[in-house]
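Below is protein.cif, which holds mmCIF, C-alpha atoms.
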data_input
#
loop_
_atom_site.label_atom_id
_atom_site.label_comp_id
_atom_site.auth_asym_id
_atom_site.auth_seq_id
_atom_site.Cartn_x
_atom_site.Cartn_y
_atom_site.Cartn_z
CA MET A 1 89.66 82.59 70.11
CA MET A 2 90.31 86.30 70.49
CA SER A 3 88.14 88.39 72.78
CA ARG A 4 86.79 91.72 71.73
CA TYR A 5 88.37 94.79 73.31
CA THR A 6 86.85 97.88 74.86
CA LYS A 7 88.62 101.21 74.61
CA VAL A 8 89.02 102.88 78.00
CA VAL A 9 90.27 106.45 78.45
CA ALA A 10 91.75 107.17 81.86
CA GLY A 11 92.96 110.56 83.02
CA LEU A 12 92.88 110.36 86.80
CA GLY A 13 96.01 111.35 88.65
CA VAL A 14 95.83 108.15 90.67
CA VAL A 15 95.91 106.12 87.45
CA ALA A 16 98.90 108.03 86.18
CA GLY A 17 100.72 107.42 89.45
CA ALA A 18 99.95 103.73 89.38
CA LEU A 19 101.20 103.43 85.81
CA GLY A 20 104.26 105.61 86.26
CA VAL A 21 103.17 108.16 83.64
CA GLY A 22 102.13 111.80 83.63
CA ALA A 23 98.66 112.93 84.64
CA LEU A 24 97.20 112.97 81.14
CA ASN A 25 94.44 111.16 79.32
CA TRP A 26 95.61 107.73 78.23
CA SER A 27 93.86 105.17 76.09
CA PHE A 28 93.80 101.49 77.07
CA ASP A 29 92.45 98.41 75.33
CA VAL A 30 90.66 96.24 77.88
CA ALA A 31 89.66 92.68 77.02
CA ASP A 32 85.96 91.91 77.35
CA ALA A 33 86.81 88.46 78.75
CA PRO A 34 89.81 86.91 80.57
CA GLU A 35 92.69 86.03 78.24
CA VAL A 36 95.83 83.95 78.65
CA SER A 37 98.82 83.53 76.33
CA ALA A 38 101.69 81.04 76.16
CA ASN A 39 103.44 82.73 73.21
CA VAL A 40 104.62 86.08 74.50
CA LEU A 41 107.12 86.69 71.70
CA ALA A 42 104.26 87.01 69.21
CA PRO A 43 101.36 87.04 71.67
CA GLN A 44 98.08 85.56 70.59
CA PHE A 45 95.82 85.58 73.61
CA SER A 46 93.24 82.82 73.77
CA TYR A 47 90.03 82.85 75.74
CA ARG A 48 90.36 81.93 79.39
CA CYS A 49 92.39 78.68 79.57
CA ILE A 50 95.39 76.89 78.03
CA GLU A 51 96.13 73.18 78.49
CA SER A 52 99.40 71.31 77.84
CA ASP A 53 99.61 67.82 76.40
CA ILE A 54 102.87 67.12 78.25
CA ALA A 55 103.42 68.36 81.81
CA MET A 56 106.43 67.07 83.72
CA PRO A 57 106.64 67.34 87.54
CA LEU A 58 107.48 70.80 88.84
CA ASP A 59 109.57 69.51 91.73
CA THR A 60 113.04 67.95 91.68
CA ASP A 61 113.50 65.09 94.16
CA GLY A 62 110.42 66.28 96.00
CA GLN A 63 111.50 69.92 96.39
CA PHE A 64 110.85 73.18 94.56
CA THR A 65 111.25 76.94 95.05
CA VAL A 66 108.81 79.74 94.25
CA SER A 67 109.64 83.42 93.77
CA VAL A 68 106.90 86.08 93.92
CA TRP A 69 107.57 89.62 92.73
CA ASN A 70 105.74 92.72 91.54
CA ILE A 71 108.16 93.73 88.82
CA TYR A 72 106.80 97.32 88.52
CA LYS A 73 106.43 97.09 84.73
CA GLN A 74 110.24 96.80 84.48
CA GLN A 75 110.59 100.55 85.04
CA ARG A 76 113.88 100.25 86.94
CA GLU A 77 117.02 99.71 84.86
CA ASN A 78 118.31 96.80 86.95
CA TRP A 79 115.11 94.70 86.85
CA ARG A 80 116.68 91.99 84.65
CA THR A 81 119.69 91.45 86.92
CA ALA A 82 117.41 91.31 89.95
CA LEU A 83 115.04 88.86 88.30
CA ASP A 84 117.96 86.61 87.37
CA ASN A 85 119.18 86.67 90.97
CA PHE A 86 115.78 86.02 92.53
CA SER A 87 114.86 83.23 90.13
CA GLN A 88 118.16 81.38 89.71
CA ASP A 89 117.14 78.58 92.11
CA SER A 90 113.40 78.74 91.42
CA GLU A 91 111.23 76.32 89.51
CA LEU A 92 108.36 78.81 89.51
CA VAL A 93 108.30 82.63 89.34
CA LEU A 94 105.07 84.55 89.84
CA LEU A 95 105.23 88.12 88.53
CA GLN A 96 102.74 90.93 88.94
CA GLU A 97 102.67 94.13 86.85
CA ALA A 98 104.56 92.48 84.00
CA SER A 99 104.56 94.67 80.90
CA LEU A 100 105.32 92.77 77.69
CA ASN A 101 107.66 95.42 76.30
CA PRO A 102 110.71 94.67 74.12
CA GLY A 103 113.00 94.34 77.14
CA LEU A 104 110.91 91.63 78.75
CA ARG A 105 110.40 89.87 75.43
CA ASP A 106 114.16 89.77 74.90
CA TYR A 107 114.64 88.37 78.40
CA LEU A 108 112.09 85.63 77.83
CA ASP A 109 113.51 84.84 74.40
CA ASP A 110 116.95 84.33 75.97
CA SER A 111 115.59 82.14 78.77
CA SER A 112 114.28 78.59 78.98
CA TRP A 113 111.18 79.53 80.99
CA LYS A 114 107.75 78.21 80.11
CA VAL A 115 105.58 81.33 80.12
CA ARG A 116 101.92 82.00 80.80
CA MET A 117 100.54 85.54 80.89
CA ALA A 118 97.16 87.00 81.72
CA ASN A 119 96.26 90.05 79.66
CA ALA A 120 94.67 92.60 82.00
CA PHE A 121 94.83 95.39 79.41
CA LYS A 122 96.97 96.76 76.60
CA PHE A 123 98.59 100.18 76.72
CA MET A 124 100.08 101.37 73.42
CA ASN A 125 99.51 97.79 72.17
CA THR A 126 101.66 96.36 74.99
CA PRO A 127 99.93 93.70 77.12
CA ALA A 128 100.21 94.01 80.90
CA GLY A 129 99.17 91.65 83.67
CA VAL A 130 100.39 88.81 85.88
CA MET A 131 102.87 86.32 84.43
CA ASN A 132 104.04 82.84 85.41
CA LEU A 133 107.54 81.60 84.57
CA SER A 134 108.05 77.89 85.20
CA SER A 135 110.67 75.26 84.54
CA VAL A 136 108.00 72.91 83.14
CA ASN A 137 104.63 73.39 81.48
CA ALA A 138 101.56 73.62 83.66
CA LYS A 139 98.86 71.06 82.97
CA LYS A 140 96.33 73.87 82.72
CA THR A 141 96.32 77.63 83.23
CA CYS A 142 93.27 79.90 83.37
CA ALA A 143 93.06 83.69 83.51
CA TYR A 144 90.77 85.79 85.70
CA LEU A 145 89.97 89.50 85.63
CA ALA A 146 88.56 91.82 88.31
CA MET A 147 87.64 95.39 87.41
CA GLU A 148 88.95 98.30 89.44
CA PRO A 149 85.75 100.18 90.39
CA TRP A 150 87.25 103.66 90.14
CA ILE A 151 89.57 103.59 87.16
CA ARG A 152 87.82 100.83 85.13
CA LEU A 153 91.06 98.98 84.45
CA PRO A 154 91.16 95.33 85.53
CA LYS A 155 93.53 93.44 87.79
CA SER A 156 94.43 89.93 86.67
CA ALA A 157 95.09 86.50 88.13
CA LEU A 158 96.32 83.15 86.84
CA LEU A 159 95.26 79.79 88.25
CA SER A 160 97.58 76.96 87.16
CA GLU A 161 97.76 73.23 87.79
CA PHE A 162 101.21 71.61 88.00
CA ALA A 163 102.08 67.94 88.15
CA LEU A 164 104.17 66.79 91.14
CA SER A 165 106.41 63.75 91.35
CA ASP A 166 104.23 62.02 93.96
CA GLY A 167 101.31 61.96 91.52
CA SER A 168 99.43 64.84 93.10
CA THR A 169 98.54 68.17 91.48
CA LEU A 170 99.67 71.54 92.78
CA VAL A 171 97.26 74.42 92.19
CA VAL A 172 98.99 77.82 92.02
CA VAL A 173 97.23 81.19 92.07
CA ASN A 174 99.16 84.29 90.99
CA LEU A 175 97.03 87.28 92.02
CA HIS A 176 97.23 91.05 91.68
CA GLY A 177 94.61 92.40 94.05
CA VAL A 178 92.07 95.11 93.35
CA ASN A 179 93.50 98.33 94.73
CA PHE A 180 91.41 101.47 94.17
CA ALA A 181 88.23 100.78 96.11
CA PHE A 182 86.86 102.23 99.35
CA GLY A 183 84.88 99.20 100.43
CA LEU A 184 85.61 95.49 100.35
CA ASP A 185 82.88 94.26 97.99
CA GLU A 186 85.02 94.21 94.83
CA TYR A 187 88.02 92.93 96.77
CA ARG A 188 86.12 89.98 98.24
CA GLU A 189 84.47 89.31 94.89
CA GLN A 190 87.89 88.94 93.26
CA LEU A 191 88.94 86.39 95.89
CA ASN A 192 85.66 84.52 95.74
CA SER A 193 85.87 84.19 91.95
CA LEU A 194 88.74 81.77 92.58
CA LYS A 195 87.17 79.93 95.49
CA SER A 196 84.81 77.75 93.49
CA VAL A 197 87.81 76.12 91.79
CA LEU A 198 90.03 75.99 94.87
CA THR A 199 87.42 74.35 97.08
CA LEU A 200 87.13 71.48 94.59
CA HIS A 201 90.86 70.76 94.75
CA ASP A 202 91.97 68.12 97.25
CA GLY A 203 95.70 68.64 97.44
CA PRO A 204 98.50 71.21 97.66
CA ILE A 205 97.82 74.88 96.92
CA ILE A 206 99.95 78.03 96.67
CA LEU A 207 98.20 81.41 96.74
CA ALA A 208 100.58 84.32 96.19
CA GLY A 209 101.02 87.77 94.74
CA ASP A 210 100.55 91.47 95.39
CA PHE A 211 97.30 91.59 97.36
CA ASN A 212 97.34 95.36 97.98
CA THR A 213 96.57 94.75 101.66
CA TRP A 214 97.21 98.34 102.69
CA ARG A 215 94.69 98.39 105.55
CA GLN A 216 93.61 95.96 108.23
CA ALA A 217 90.21 95.20 106.70
CA ARG A 218 91.93 93.96 103.55
CA MET A 219 94.37 91.89 105.60
CA ASP A 220 91.43 90.35 107.44
CA ALA A 221 89.63 89.55 104.16
CA VAL A 222 92.69 87.77 102.72
CA ASN A 223 93.45 85.92 105.96
CA ASP A 224 89.84 84.78 106.23
CA PHE A 225 89.91 83.60 102.62
CA ALA A 226 93.16 81.70 103.19
CA ALA A 227 91.86 80.15 106.41
CA SER A 228 88.67 78.99 104.69
CA LEU A 229 90.87 76.93 102.34
CA GLY A 230 93.20 75.64 105.05
CA LEU A 231 96.13 77.77 103.83
CA SER A 232 99.03 78.93 106.02
CA ASP A 233 101.03 82.13 105.63
CA VAL A 234 104.76 81.56 105.07
CA HIS A 235 107.05 82.49 107.95
CA LEU A 236 109.75 84.77 106.57
CA ARG A 237 113.15 84.62 108.24
CA GLU A 238 114.04 87.90 106.50
CA ASP A 239 110.92 90.01 106.05
CA GLN A 240 111.62 93.18 104.09
CA ARG A 241 108.30 93.27 102.27
CA VAL A 242 107.12 96.74 101.30
CA LYS A 243 104.49 98.01 103.73
CA ILE A 244 101.86 100.74 103.52
CA LEU A 245 100.36 101.97 106.80
CA GLY A 246 102.34 99.19 108.44
CA LYS A 247 100.72 96.43 106.36
CA PRO A 248 102.65 94.23 103.88
CA LEU A 249 101.27 94.21 100.35
CA ASP A 250 102.73 90.89 99.16
CA HIS A 251 101.90 87.44 100.49
CA LEU A 252 102.43 83.73 99.93
CA TYR A 253 100.05 81.16 101.44
CA TYR A 254 100.36 77.38 101.09
CA ARG A 255 98.67 74.08 101.93
CA ASP A 256 99.71 70.41 102.03
CA LEU A 257 103.39 71.27 101.55
CA SER A 258 106.30 71.45 103.98
CA LEU A 259 107.96 74.86 104.14
CA LEU A 260 111.75 74.55 104.05
CA GLY A 261 112.45 78.28 104.30
CA ALA A 262 111.31 81.67 103.05
CA GLU A 263 112.65 85.19 102.85
CA ALA A 264 111.77 88.60 101.44
CA PRO A 265 115.08 90.26 100.48
CA LYS A 266 115.40 93.93 99.65
CA THR A 267 115.91 95.33 96.16
CA ASN A 268 115.82 98.70 94.42
CA ALA A 269 114.84 97.08 91.11
CA SER A 270 111.10 97.58 91.83
CA ASP A 271 108.81 99.33 94.27
CA HIS A 272 108.17 95.86 95.78
CA ASN A 273 110.53 93.33 97.33
CA PRO A 274 110.18 89.67 96.35
CA ILE A 275 109.18 86.64 98.41
CA ILE A 276 111.27 83.50 97.84
CA ALA A 277 110.07 80.26 99.43
CA SER A 278 111.22 76.64 99.19
CA PHE A 279 108.96 73.65 99.78
CA SER A 280 109.10 69.89 99.94
CA LEU A 281 106.30 67.46 99.24
CA GLN A 282 104.56 65.92 102.22
#
Target encoding structure tokens, full file:
Amino acid sequence: MMSRYTKVVAGLGVVAGALGVGALNWSFDVADAPEVSANVLAPQFSYRCIESDIAMPLDTDGQFTVSVWNIYKQQRENWRTALDNFSQDSELVLLQEASLNPGLRDYLDDSSWKVRMANAFKFMNTPAGVMNLSSVNAKKTCAYLAMEPWIRLPKSALLSEFALSDGSTLVVVNLHGVNFAFGLDEYREQLNSLKSVLTLHDGPIILAGDFNTWRQARMDAVNDFAASLGLSDVHLREDQRVKILGKPLDHLYYRDLSLLGAEAPKTNASDHNPIIASFSLQ
């Protein structure tokens, strides 16, 4: 079922900077309801959720690796090489700011990844939002949207359920946090929109993405949210996450899993550095 779209015209300099374009008026198509797609080569976005009839365990012999990266709409020439390097040992890759342009479509067409994408908006008929790449199909994936209060363009999230070899279910949230807001109301509302589902889940959880935690109040809001769900922040042995005002923007929290190791290596293929973490089942 296709959602209706609303045409949004944005001309703010801050929007142009965020999108890597000139400070002009640009027209965006914004979905009226959350949308998710599994077919990104000829994308047909369906309303809210996608379920898979067959979902094999995500882990191999009780272990799996997750990579988290804001890919900066693939604006840097070496994004594909970097993505290959970061994801070569990963069963799950969580991307933010993925733009479904021809370059990314070619990459996905050449790969064996199972893909789920949330459509935050379309610019020049090109969907953009968060994207999950996984070695196996998720049992279920749902999309969420949260509107930026200033620029009226949404940020997106995906909440997926993966089978594990011990019979449990891993819930994974891939989140791009609301950015352009003075207060915390919209920011907390975006987090709380996921909480009703997460609090019902009795088992392992991964919460990760670009949270735009560029000030302490935002850090406190995310940490409080994670603590309310019993989530722990990964300890990074190499922490080169991008920081603004001394605060890292990207995070990975987990629950009911054993952390084997995590790092945040440096790259010039985006304006963010990835987080790569390996886990074993408890």
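Around A:Gly62, within 7 Å and counting all atoms listed in the file, the residues found are Ser165, Ser280 and Leu281 of chain A, once anything fewer than 5 positions away on its own chain is removed.
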Produce a table with one row for each residue of stretch 143-165 of chain A that has an atom at most 6 Å from any atom of stretch 117-129 of chain A, each row naming the nearest atom pair and its distance in Å at one decimal; use only C-alpha atoms; arrange rows by chain and rising residue number; format as JSON lines.
{"residue": "A:Ala143", "atom": "CA", "partner": "A:Ala118", "partner_atom": "CA", "distance": 5.6}
{"residue": "A:Pro154", "atom": "CA", "partner": "A:Ala120", "partner_atom": "CA", "distance": 5.7}
{"residue": "A:Lys155", "atom": "CA", "partner": "A:Ala120", "partner_atom": "CA", "distance": 6.0}
{"residue": "A:Ser156", "atom": "CA", "partner": "A:Ala120", "partner_atom": "CA", "distance": 5.4}
Exercise for the section: Determine, counting all atoms listed in the file, which protein, DNA and RNA residues have an atom within 8 Å of an atom of stretch 240-243 of chain A; residues of the same chain fewer than 3 positions away are not included. Present the result as an MDAnalysis selection string. Expected result: chainID A and resid 214 246:250 264:266 271:275
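In this structure, atom CA of A:Ala277 sits 16.3 Å away from atom CA of A:Ala82.
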Problem - Distance of atom CA of A:Glu97 from atom CA of A:Val66, expressed in Å to one decimal place - result: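 Distance between the two atoms: 17.3 Å.
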